[in-house]
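Q: Just so it is clear, I am handing over start.txt, which has compact mmCIF, C-alpha atoms.
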```txt
# COMPACT_ATOMS: atom_id res chain seq x y z
CA MET A 1 -65.84 7.44 23.47
CA ASN A 2 -62.38 5.93 23.77
CA MET A 3 -62.81 4.21 20.40
CA ASN A 4 -63.61 7.56 18.78
CA LYS A 5 -60.48 9.08 20.30
CA LEU A 6 -58.36 6.20 19.04
CA SER A 7 -59.89 6.42 15.57
CA GLY A 8 -59.28 10.17 15.49
CA ALA A 9 -55.66 9.72 16.56
CA ALA A 10 -55.14 7.07 13.90
CA ALA A 11 -56.65 9.35 11.26
CA VAL A 12 -54.35 12.21 12.28
CA ALA A 13 -51.31 9.92 12.25
CA LEU A 14 -52.27 8.62 8.83
CA LEU A 15 -52.79 12.16 7.53
CA LEU A 16 -49.41 13.27 8.89
CA GLY A 17 -47.82 10.20 7.36
CA THR A 18 -49.06 11.13 3.88
CA THR A 19 -47.94 14.76 4.10
CA ALA A 20 -44.56 14.47 5.83
CA GLY A 21 -41.46 15.37 3.83
CA LEU A 22 -39.57 12.20 4.79
CA ALA A 23 -40.22 9.03 2.83
CA GLN A 24 -42.52 6.86 4.92
CA THR A 25 -41.71 3.23 5.63
CA THR A 26 -44.65 2.77 8.03
CA LEU A 27 -48.07 4.39 8.30
CA THR A 28 -46.98 6.40 11.34
CA GLY A 29 -43.71 7.52 9.75
CA THR A 30 -41.67 6.81 12.89
CA ARG A 31 -39.38 4.31 11.18
CA ALA A 32 -38.38 6.78 8.46
CA ILE A 33 -37.31 9.35 11.06
CA ASP A 34 -35.46 6.70 13.04
CA ASP A 35 -33.65 5.56 9.87
CA SER A 36 -32.64 9.16 9.18
CA ILE A 37 -31.19 9.46 12.69
CA ASN A 38 -29.18 6.29 12.07
CA ASP A 39 -27.90 7.76 8.80
CA ILE A 40 -26.74 10.89 10.63
CA ASN A 41 -24.99 8.82 13.30
CA TYR A 42 -23.23 6.77 10.63
CA ALA A 43 -22.12 9.86 8.71
CA VAL A 44 -20.74 11.47 11.89
CA THR A 45 -18.85 8.36 13.04
CA THR A 46 -17.44 7.95 9.53
CA ASP A 47 -16.19 11.54 9.57
CA LEU A 48 -14.60 10.99 12.99
CA ALA A 49 -12.87 7.85 11.71
CA ARG A 50 -11.30 9.87 8.88
CA GLY A 51 -8.91 11.34 11.42
CA ASN A 52 -7.11 8.00 11.70
CA ASP A 53 -4.66 6.87 9.04
CA ASP A 54 -4.43 3.08 8.70
CA TYR A 55 -1.02 3.40 7.05
CA ARG A 56 0.39 5.82 9.62
CA PHE A 57 2.75 3.43 11.41
CA GLY A 58 4.42 1.60 8.54
CA ASN A 59 3.37 -1.78 7.27
CA PRO A 60 -0.17 -2.28 8.66
CA GLU A 61 -0.78 -5.60 10.35
CA PHE A 62 -3.62 -6.72 8.10
CA ARG A 63 -4.71 -10.33 8.26
CA PRO A 64 -2.61 -12.36 5.80
CA GLY A 65 -4.44 -13.68 2.78
CA LEU A 66 -7.81 -12.63 1.43
CA SER A 67 -10.37 -10.73 3.48
CA GLY A 68 -13.15 -8.28 2.82
CA SER A 69 -16.83 -7.50 3.00
CA ALA A 70 -19.82 -7.06 0.72
CA SER A 71 -23.25 -5.49 1.14
CA LEU A 72 -26.45 -5.41 -0.91
CA SER A 73 -29.53 -3.22 -0.63
CA TYR A 74 -32.64 -3.49 -2.82
CA THR A 75 -36.07 -1.89 -2.62
CA GLY A 76 -38.91 -2.25 -5.09
CA LYS A 77 -42.30 -0.54 -5.11
CA ASP A 78 -45.37 -0.88 -7.30
CA GLY A 79 -48.60 1.07 -7.43
CA ASP A 80 -49.06 4.66 -8.54
CA ASN A 81 -45.28 5.16 -8.76
CA ASP A 82 -43.34 2.04 -9.67
CA SER A 83 -39.69 2.24 -8.64
CA GLN A 84 -36.73 0.11 -7.66
CA GLU A 85 -33.33 0.88 -6.16
CA LEU A 86 -30.29 -1.37 -6.04
CA THR A 87 -27.01 -0.67 -4.27
CA LEU A 88 -24.13 -3.12 -4.14
CA GLY A 89 -20.78 -2.51 -2.48
CA ALA A 90 -17.76 -4.72 -1.90
CA ARG A 91 -14.19 -4.36 -0.62
CA LEU A 92 -11.53 -7.04 -0.93
CA ARG A 93 -8.06 -6.92 0.63
CA PHE A 94 -5.19 -9.27 -0.09
CA ALA A 95 -2.14 -9.07 2.17
CA GLN A 96 0.94 -11.16 1.58
CA GLY A 97 4.26 -10.27 3.13
CA GLN A 98 5.28 -6.76 2.15
CA LEU A 99 2.46 -6.29 -0.39
CA VAL A 100 -1.05 -5.12 0.52
CA GLN A 101 -3.70 -4.72 -2.19
CA THR A 102 -7.24 -3.42 -1.83
CA ILE A 103 -10.04 -3.45 -4.41
CA GLY A 104 -13.38 -1.71 -3.91
CA ALA A 105 -16.50 -1.61 -6.07
CA LEU A 106 -19.85 0.15 -5.81
CA VAL A 107 -22.92 -0.18 -8.04
CA GLU A 108 -25.93 2.15 -7.81
CA PHE A 109 -29.06 1.60 -9.92
CA THR A 110 -32.36 3.45 -9.69
CA GLU A 111 -35.47 3.18 -11.84
CA ALA A 112 -38.73 5.11 -11.56
CA THR A 113 -41.90 4.47 -13.60
CA GLY A 114 -39.95 2.40 -16.10
CA THR A 115 -37.21 5.01 -16.64
CA LYS A 116 -33.64 4.61 -15.41
CA THR A 117 -32.59 7.57 -13.27
CA LYS A 118 -29.20 6.29 -12.07
CA GLN A 119 -26.79 3.69 -13.38
CA ASP A 120 -23.39 4.30 -11.80
CA VAL A 121 -20.41 2.00 -11.28
CA PHE A 122 -17.40 2.95 -9.14
CA GLY A 123 -14.13 1.09 -8.69
CA ILE A 124 -10.91 1.73 -6.76
CA TYR A 125 -7.57 -0.04 -6.50
CA ASP A 126 -4.93 0.63 -3.87
CA ALA A 127 -1.63 -1.25 -3.57
CA ASN A 128 1.35 -0.64 -1.31
CA TYR A 129 4.65 -2.51 -1.28
CA TYR A 130 6.79 -1.92 1.81
CA PHE A 131 10.52 -2.06 1.10
CA THR A 132 11.26 -0.95 4.68
CA ASP A 133 9.26 0.49 7.56
CA ARG A 134 9.83 3.96 6.05
CA PHE A 135 10.11 3.49 2.30
CA TYR A 136 7.28 2.07 0.16
CA GLY A 137 5.83 2.13 -3.33
CA PHE A 138 2.20 2.73 -4.20
CA VAL A 139 -0.30 2.30 -7.03
CA LEU A 140 -3.65 4.12 -6.98
CA GLY A 141 -6.47 3.54 -9.44
CA ARG A 142 -10.02 4.83 -9.81
CA VAL A 143 -12.76 4.44 -12.39
CA VAL A 144 -16.25 5.95 -12.50
CA THR A 145 -18.89 5.07 -15.10
CA ASP A 146 -22.21 6.83 -15.60
CA GLY A 147 -24.38 4.65 -17.81
CA LEU A 148 -26.88 7.47 -18.40
CA ALA A 149 -24.46 10.22 -19.46
CA ASP A 150 -25.64 11.68 -22.79
CA ALA A 151 -24.33 15.27 -22.82
CA ALA A 152 -21.03 17.04 -23.30
CA ASP A 153 -20.94 18.21 -19.67
CA ASP A 154 -21.56 14.69 -18.30
CA PHE A 155 -18.74 12.18 -17.78
CA LYS A 156 -19.57 8.72 -19.09
CA HIS A 157 -16.16 7.40 -18.06
CA ASP A 158 -13.71 8.99 -15.64
CA ALA A 159 -10.56 7.03 -14.77
CA PHE A 160 -7.23 7.71 -13.10
CA ILE A 161 -4.14 5.68 -12.24
CA GLY A 162 -1.03 6.85 -10.42
CA ILE A 163 2.22 5.24 -9.33
CA GLY A 164 5.22 6.36 -7.32
CA PRO A 165 7.29 6.07 -4.12
CA GLY A 166 6.44 7.10 -0.59
CA TYR A 167 8.50 7.81 2.50
CA ARG A 168 7.81 8.24 6.22
CA ILE A 169 9.79 11.25 7.38
CA VAL A 170 8.69 10.91 11.01
CA ASN A 171 7.22 7.75 12.46
CA THR A 172 6.63 7.93 16.23
CA PRO A 173 3.50 7.07 18.26
CA ASP A 174 2.71 10.76 18.85
CA PHE A 175 3.87 12.31 15.58
CA SER A 176 4.00 10.88 12.09
CA TRP A 177 4.48 12.45 8.69
CA ARG A 178 4.58 10.62 5.41
CA VAL A 179 4.81 11.92 1.86
CA GLN A 180 4.40 10.30 -1.52
CA ALA A 181 4.71 11.54 -5.10
CA GLY A 182 4.58 10.15 -8.60
CA VAL A 183 2.99 10.39 -12.01
CA GLY A 184 -0.61 9.78 -12.99
CA LEU A 185 -2.68 9.26 -16.10
CA SER A 186 -6.29 10.42 -16.30
CA TYR A 187 -8.91 9.54 -18.92
CA THR A 188 -12.35 11.04 -19.38
CA GLU A 189 -15.11 10.48 -21.92
CA ASP A 190 -18.22 12.63 -22.07
CA GLY A 191 -21.73 11.60 -22.95
CA LEU A 192 -21.15 12.37 -26.65
CA GLY A 193 -18.14 10.08 -26.92
CA ASN A 194 -15.42 12.74 -26.83
CA ASP A 195 -12.44 11.51 -24.82
CA THR A 196 -9.45 13.24 -23.24
CA SER A 197 -6.26 11.82 -21.77
CA GLU A 198 -3.63 13.73 -19.83
CA VAL A 199 -0.49 12.93 -17.84
CA GLY A 200 0.28 14.83 -14.68
CA GLY A 201 2.14 14.78 -11.40
CA ILE A 202 0.65 13.79 -8.07
CA ALA A 203 1.88 14.41 -4.54
CA SER A 204 0.41 13.79 -1.10
CA SER A 205 1.27 14.54 2.51
CA ARG A 206 -0.23 12.98 5.64
CA VAL A 207 0.48 14.51 9.06
CA PHE A 208 -0.69 13.14 12.42
CA TYR A 209 0.14 14.83 15.73
CA GLN A 210 -1.24 13.63 19.05
CA ILE A 211 -1.11 16.32 21.73
CA ASN A 212 -2.48 14.12 24.51
CA GLU A 213 -4.68 11.06 24.92
CA ALA A 214 -7.80 13.06 24.07
CA LEU A 215 -6.64 15.50 21.39
CA PHE A 216 -4.87 14.98 18.06
CA LEU A 217 -4.47 16.98 14.86
CA THR A 218 -4.37 15.81 11.24
CA ASN A 219 -3.48 17.54 8.01
CA ASP A 220 -3.96 15.79 4.66
CA THR A 221 -2.71 17.46 1.47
CA ASP A 222 -3.09 16.28 -2.13
CA ILE A 223 -1.66 17.97 -5.22
CA LEU A 224 -2.45 17.17 -8.85
CA THR A 225 -0.86 19.08 -11.71
CA SER A 226 -1.37 18.71 -15.45
CA ASP A 227 -1.67 20.79 -18.61
CA ALA A 228 -5.37 21.33 -17.86
CA ALA A 229 -5.13 22.59 -14.29
CA PHE A 230 -3.23 22.82 -11.04
CA ARG A 231 -5.26 21.46 -8.13
CA VAL A 232 -4.59 21.35 -4.40
CA SER A 233 -6.79 19.89 -1.68
CA ASN A 234 -5.99 20.35 2.02
CA ASP A 235 -7.98 18.85 4.89
CA PHE A 236 -7.04 20.09 8.38
CA GLY A 237 -8.79 18.41 11.29
CA VAL A 238 -8.92 18.79 15.06
CA ASN A 239 -10.08 15.58 16.72
CA TYR A 240 -11.07 15.56 20.38
CA LYS A 241 -12.18 12.52 22.35
CA MET A 242 -12.77 13.30 26.00
CA SER A 243 -14.16 9.82 26.74
CA ASP A 244 -16.09 6.98 25.15
CA MET A 245 -19.16 9.20 25.63
CA PHE A 246 -17.98 12.35 23.87
CA ALA A 247 -15.99 12.82 20.67
CA THR A 248 -15.85 15.65 18.14
CA ARG A 249 -14.03 16.59 14.95
CA VAL A 250 -13.72 20.06 13.45
CA SER A 251 -12.25 20.18 9.95
CA LEU A 252 -11.46 22.80 7.35
CA LEU A 253 -11.31 21.57 3.76
CA THR A 254 -9.65 23.92 1.26
CA ASP A 255 -9.83 23.16 -2.45
CA TYR A 256 -7.85 25.13 -5.04
CA ASN A 257 -8.26 24.78 -8.81
CA ASP A 258 -6.72 27.39 -11.10
CA SER A 259 -9.04 26.44 -13.98
CA ARG A 260 -12.14 27.73 -12.15
CA ALA A 261 -13.45 31.26 -11.97
CA ASP A 262 -13.46 30.99 -8.16
CA ARG A 263 -10.16 29.25 -7.66
CA THR A 264 -10.43 28.61 -3.92
CA GLU A 265 -13.28 26.97 -2.03
CA ASN A 266 -13.43 26.40 1.74
CA LYS A 267 -15.68 24.03 3.64
CA LEU A 268 -16.03 23.91 7.42
CA GLY A 269 -17.20 20.66 8.97
CA VAL A 270 -18.21 19.87 12.55
CA SER A 271 -19.01 16.35 13.74
CA LEU A 272 -20.06 15.56 17.29
CA VAL A 273 -20.97 12.31 19.03
CA TYR A 274 -22.33 12.20 22.57
CA SER A 275 -23.49 8.93 24.05
CA PHE A 276 -24.96 8.37 27.50
```
Can you turn what I pasted into structure tokens?
A:
Amino acid sequence: MNMNKLSGAAAVALLLGTTAGLAQTTLTGTRAIDDSINDINYAVTTDLARGNDDYRFGNPEFRPGLSGSASLSYTGKDGDNDSQELTLGARLRFAQGQLVQTIGALVEFTEATGTKTKQDVFGIYDANYYFTDRFYGFVLGRVVTDGLADAADDFKHDAFIGIGPGYRIVNTPDFSWRVQAGVGLSYTEDGLGNDTSEVGGIASSRVFYQINEALFLTNDTDILTSDAAFRVSNDFGVNYKMSDMFATRVSLLTDYNDSRADRTENKLGVSLVYSF
């Protein structure tokens, strides 16, 4: 009798495992749900960490010399639906005296039943040279490549580089405000080989205000102007950490682009972590 009950329970679990919406990594499907919970936790903690600005208090005390990290993820499956997924990410930082340089790279590759469905490469470069605790120069670079782009509305290559000075207007433990501005060059190429280059101005503002030990506000503003469009992005966040058990962030992201039919878009975000 007990064996029949166990067999019936196993059959139900197996049936549920084949019909559940989440991708199953075990017959019972419990691991897939647990992995999804971990993904949510990681996304929330990452959003909470966005409230902190590593460059807020002048020349950051990064470890001198070369440091960094790299990660690799690969899954392959055969059977009725052959597929494989590869993700590779790396970040390298080189700090020497007043110069700090960071390089990041990300590769994403996906193939299903012998057909490539994703072949993306991302790269970033960030350099800051600190003349004083308040005045610095910066270089920002980004490149995105889509190896599968084959249409006019798909970007095969999308690159940007900007350079300019920055200055910390206020630099105290409770309140800091830094601004930077310069010129940038963007380059895009669509899936048909048509390319476009444009020069524009860039400007950014970073504000941090700590009201008390538990509550602080942030406001990040970025402006990009060119012949094609005038774009503004503003991210206002309220970050509250009552204790190591409870932390939350409420943010309002406003994006303006005068080349769109709907010029302004708003996005409200709420992140909450409670541990006990």
Q: Nearest to Gly65 in chain A: which of A:Tyr240, A:Phe94, A:Tyr129, A:Trp177 is it, counting all atoms listed in the file?
A: A:Phe94
Q: Using CA of Lys118 in chain A and CA of Ser83 in chain A as the two end points, give the distance in Å to one decimal.
A: 11.8 Å
Q: So what do you get for CA of Val270 in chain A versus CA of Val144 in chain A, distance-wise?
A: 28.7 Å
Q: For CA of Thr188 in chain A and CA of His157 in chain A, quote the distance in Å rounded to one decimal.
A: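 About the pair CA of Thr188 in chain A and CA of His157 in chain A: they are 5.4 Å apart.
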Q: Could you list, as a list in words, every residue within 10 Å of Gln119 in chain A, counting only C-alpha atoms and ignoring same-chain residues fewer than 3 positions away?
A: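 Result of the neighbour search: Leu86, Val107, Glu108, Phe109, Thr110, Glu111, Lys116, Thr145, Asp146, Gly147, Leu148 and Ala149 of chain A.
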Q: Using all atoms listed in the file, can you tell me which of A:Leu215, A:Leu192, A:Leu140, A:Leu92 comes closest to Asn128 in chain A?
A: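 Using all atoms listed in the file, the shortest distance to Asn128 in chain A belongs to A:Leu140.
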Q: What's around Asp220 in chain A at 12 Å? Count only C-alpha atoms, leave out sequence neighbours fewer than 3 positions away in its own chain, and write the answer as JSON, numbers by chain.
A: {"A": [50, 51, 52, 53, 56, 176, 177, 178, 179, 180, 203, 204, 205, 206, 207, 208, 209, 217, 223, 232, 233, 234, 235, 236, 237, 238, 251, 252, 253, 254, 255]}
